[in-house]
2 protein chains.
Amino acid sequence: MTSLKPPRPSARTKLLDAALRIIREKGFSATSVDDLCAAAGVTKGAFFHHFKSKDDLAVAAADYWSTLTGGFFAAAGYHTHADPVDRVLGYIAFRRAIIQGPVPQFTCLAGTMVQETYDSHPAIRDACARSITEHAARVEADIAQAMAIHQPKADWTARSLALHTQAVLQGAFILAKATGDRAIAVDCVNHLYRYVAGLFACEPKVEETNVSP
Amino acid sequence: MTSLKPPRPSARTKLLDAALRIIREKGFSATSVDDLCAAAGVTKGAFFHHFKSKDDLAVAAADYWSTLTGGFFAAAGYHTHADPVDRVLGYIAFRRAIIQGPVPQFTCLAGTMVQETYDSHPAIRDACARSITEHAARVEADIAQAMAIHQPKADWTARSLALHTQAVLQGAFILAKATGDRAIAVDCVNHLYRYVAGLFACEPKVEETNVSP
């Protein structure tokens with residue numbers, strides 16, 4: 001019989017997990033290689049075996065973040081709705097539902113890191129942009145299908161609405177950080193839900209869809 | 001005759017102006033006292049004459065930011081609209097219009113600093129929270145008046161909508177930083193405008209107001 005124990009995470013994975021946690025707590029610049037090694041329980045030698053520099057780790061952390069969150073969202077239940085409007089609203093409701101626990105746990109690595117790095121660290125900025133825009137592109141696909149089926153009178157594009165959903169979430173995280181009150185972030189996502197439901201519910205064809213919050 | 005030349009800024013003001021620019025460019029942690037002194041053209045002695053520490057400067061910078069932006073918004077034309085809905089929509093249109101020039105110029109000091117400091121620097125976090133929530137409170141006053149007059153069917157409060165306007169703006173800035181494309185930020189503010197117009201235009205009483213974007 002083979003062992004059922006999960007494989008132990010590698011030093012690389014431990015460092016990336018530590019980066020996700022610590023950078024979301026205090027930002028990229030304030031996070032030192034020593035902090036990451038201490039949190040991961042690995043040596044500095046191991047760090048520089050896996051990463052050329054802290055910048056290199058940050059790019060890898062953004063890509064790791066994209067992979068982890070990509071899998072997490074792909075597994076969520078909202079994809080099973082037949083009507084794409086329900087998938088879009090289900091996505092927003094899911095984003096609202098996961099605003100739970102301490103702030104660093106529900107906030108976004110990419111949105112945090114890009115604030116400090118957009119002007120000075122182009123490779124990190126690009127990795128953060130990839131993370132945010134690739135996630136938005138998945139929401140955009142459902143919005144585009146919803147527009148094709150329900151044909152709302154729209155002077156906006158599926159892409160701009162998908163990016164707007166990300167702006168509201170990123171901004172909601174900032175308000176939660178500033179006030180320490182995650183209910184404010186939840187309220188912002190409620191406003192987003194109401195907006196998107198309204199954009200599609202304007203059309204009589206949407207009447208049959210379930211858009212209750 | 002008295003001189004019409006404006007008074008030269010003090011070392012303190014020069015340091016605060018430098019902080020606004022540099023912290024919006026690269027964040028709080030990456031900004032050193034040396035950076036600030038070099039940019040302000042003042043000595044380190046002058047810095048520590050005016051500020052106990054970099055943290056102390058950051059709190060003062062957030063308060064200075066609130067004062068500057070408070071005066072800037074108070075002088076804007078949208079306050080002259082008779083209908084409070086027009087003042088709220090005028091505010092949003094004004095926010096959209098000032099998304100101009102390089103990213104550090106149109107983004108928010110408080111929203112940038114709070115990302116790095118919310119967990120580790122409570123005094124800075126509180127100063128950033130004050131800046132954001134006091135600004136939101138001015139928008140809230142117009143929203144509350146608009147609700148009193150137009151009585152939209154609302155399961156939301158004036159406060160939550162005012163905070164939502166700030167979340168959209170802060171998130172729009174993050175997307176502009178990530179993508180380098182300020183048109184994306186403008187699009188987000190357009191979505192916000194459409195949402196707020198829709199919340200009030202639901203009521204027939206709003207028909208006479210001009211809510212075109």
# chains A, B, ... in the order shown; residues from 1 in each chain; ligands from 1
$ residues_around --residues "Arg159 of chain B" --least-positions-apart "6" --cutoff "9 Å" --atoms "only C-alpha atoms" --output "list of chain:residue names"
B:Ala136, B:Ala137, B:Val139, B:Glu140, B:Ala141, B:Ile143, B:Ala144
$ residues_around --residues "segment 80-88 of chain A" --least-positions-apart "3" --cutoff "7 Å" --atoms "only C-alpha atoms" --output "list of chain:residue names"
A:Gly77, A:Tyr91, A:Ile92, A:Val139, A:Asp142, A:Ile143, A:Gln145, A:Ala146, A:Asn210, A:Val211
$ write_last_selection --atoms "N, CA and C atoms" --output "PDB file, in the first residue's frame"
ATOM      1  N   GLY A  77     -18.931  26.671  -7.102  1.00  0.00           N
ATOM      2  CA  GLY A  77     -20.193  26.155  -7.621  1.00  0.00           C
ATOM      3  C   GLY A  77     -20.879  27.026  -8.666  1.00  0.00           C
ATOM      4  N   TYR A  91     -20.748  34.456  -9.299  1.00  0.00           N
ATOM      5  CA  TYR A  91     -19.351  34.813  -9.047  1.00  0.00           C
ATOM      6  C   TYR A  91     -19.271  35.946  -8.030  1.00  0.00           C
ATOM      7  N   ILE A  92     -20.080  36.986  -8.233  1.00  0.00           N
ATOM      8  CA  ILE A  92     -20.034  38.138  -7.318  1.00  0.00           C
ATOM      9  C   ILE A  92     -20.472  37.713  -5.910  1.00  0.00           C
ATOM     10  N   VAL A 139     -14.191  36.115 -15.953  1.00  0.00           N
ATOM     11  CA  VAL A 139     -15.484  36.758 -15.662  1.00  0.00           C
ATOM     12  C   VAL A 139     -16.048  37.356 -16.957  1.00  0.00           C
ATOM     13  N   ASP A 142     -18.121  34.992 -19.208  1.00  0.00           N
ATOM     14  CA  ASP A 142     -19.522  34.818 -18.798  1.00  0.00           C
ATOM     15  C   ASP A 142     -20.346  36.075 -19.090  1.00  0.00           C
ATOM     16  N   ILE A 143     -19.734  37.248 -18.878  1.00  0.00           N
ATOM     17  CA  ILE A 143     -20.463  38.494 -19.165  1.00  0.00           C
ATOM     18  C   ILE A 143     -20.777  38.575 -20.663  1.00  0.00           C
ATOM     19  N   GLN A 145     -21.169  36.125 -22.780  1.00  0.00           N
ATOM     20  CA  GLN A 145     -22.261  35.185 -23.090  1.00  0.00           C
ATOM     21  C   GLN A 145     -23.594  35.746 -22.607  1.00  0.00           C
ATOM     22  N   ALA A 146     -23.579  36.347 -21.417  1.00  0.00           N
ATOM     23  CA  ALA A 146     -24.810  36.928 -20.869  1.00  0.00           C
ATOM     24  C   ALA A 146     -25.319  38.053 -21.775  1.00  0.00           C
ATOM     25  N   ASN A 210     -32.930  33.957 -12.013  1.00  0.00           N
ATOM     26  CA  ASN A 210     -32.979  34.221 -10.576  1.00  0.00           C
ATOM     27  C   ASN A 210     -31.828  35.143 -10.209  1.00  0.00           C
ATOM     28  N   VAL A 211     -32.132  36.394  -9.939  1.00  0.00           N
ATOM     29  CA  VAL A 211     -31.075  37.347  -9.626  1.00  0.00           C
ATOM     30  C   VAL A 211     -31.177  37.870  -8.193  1.00  0.00           C
TER      31      VAL A 211
END
$ atom_distance --atom1 "atom CA of Val33 of chain B" --atom2 "atom CA of Lys14 of chain B"
13.0 Å
$ residues_around --residues "Thr43 of chain A" --least-positions-apart "5" --cutoff "12 Å" --atoms "only C-alpha atoms" --output "list in words"
Ala11, Arg12, Lys14, Leu15, Val33, Asp34, Asp35, Leu36, Cys37, Ala38, Phe48, His49 and His50 of chain A
$ write_last_selection --atoms "N, CA and C atoms" --output "mmCIF file, in the first residue's frame"
data_model
loop_
_atom_site.group_PDB
_atom_site.id
_atom_site.type_symbol
_atom_site.label_atom_id
_atom_site.label_comp_id
_atom_site.auth_asym_id
_atom_site.auth_seq_id
_atom_site.Cartn_x
_atom_site.Cartn_y
_atom_site.Cartn_z
ATOM 1 N N ALA A 11 10.877 23.472 -0.267
ATOM 2 C CA ALA A 11 11.328 24.775 0.256
ATOM 3 C C ALA A 11 10.775 25.900 -0.609
ATOM 4 N N ARG A 12 10.728 25.661 -1.912
ATOM 5 C CA ARG A 12 10.202 26.685 -2.836
ATOM 6 C C ARG A 12 8.746 27.005 -2.511
ATOM 7 N N LYS A 14 7.171 26.407 0.294
ATOM 8 C CA LYS A 14 7.089 27.034 1.630
ATOM 9 C C LYS A 14 7.391 28.533 1.536
ATOM 10 N N LEU A 15 8.382 28.893 0.728
ATOM 11 C CA LEU A 15 8.726 30.304 0.571
ATOM 12 C C LEU A 15 7.606 31.070 -0.134
ATOM 13 N N VAL A 33 13.987 39.208 2.752
ATOM 14 C CA VAL A 33 14.330 37.798 2.496
ATOM 15 C C VAL A 33 14.437 37.066 3.835
ATOM 16 N N ASP A 34 14.974 37.713 4.845
ATOM 17 C CA ASP A 34 15.067 37.088 6.177
ATOM 18 C C ASP A 34 13.681 36.755 6.729
ATOM 19 N N ASP A 35 12.740 37.701 6.579
ATOM 20 C CA ASP A 35 11.352 37.441 7.018
ATOM 21 C C ASP A 35 10.814 36.180 6.348
ATOM 22 N N LEU A 36 11.027 36.094 5.045
ATOM 23 C CA LEU A 36 10.460 34.977 4.277
ATOM 24 C C LEU A 36 11.091 33.650 4.699
ATOM 25 N N CYS A 37 12.425 33.668 4.887
ATOM 26 C CA CYS A 37 13.123 32.442 5.295
ATOM 27 C C CYS A 37 12.660 32.011 6.685
ATOM 28 N N ALA A 38 12.544 32.975 7.598
ATOM 29 C CA ALA A 38 12.114 32.645 8.962
ATOM 30 C C ALA A 38 10.704 32.063 8.948
ATOM 31 N N PHE A 48 18.106 31.400 -2.055
ATOM 32 C CA PHE A 48 18.831 31.809 -3.266
ATOM 33 C C PHE A 48 19.122 30.635 -4.201
ATOM 34 N N HIS A 49 18.843 29.429 -3.715
ATOM 35 C CA HIS A 49 18.861 28.289 -4.629
ATOM 36 C C HIS A 49 17.643 28.371 -5.563
ATOM 37 N N HIS A 50 16.518 28.791 -4.991
ATOM 38 C CA HIS A 50 15.264 28.797 -5.765
ATOM 39 C C HIS A 50 14.983 30.116 -6.463
#
$ closest_residue --among "A:Tyr118, A:Phe94, A:Phe200, A:Tyr193" --to "chain B" --atoms "only C-alpha atoms"
A:Tyr118
$ interface_residues --of "chain A" --to "chain B" --cutoff "7 Å" --atoms "only C-alpha atoms" --output "ChimeraX atom specification"
/A:25-27,29-30,111-112,114-120,125-126,128-129,160,164,167-168,170-172,174-175,177-179,187-188,195
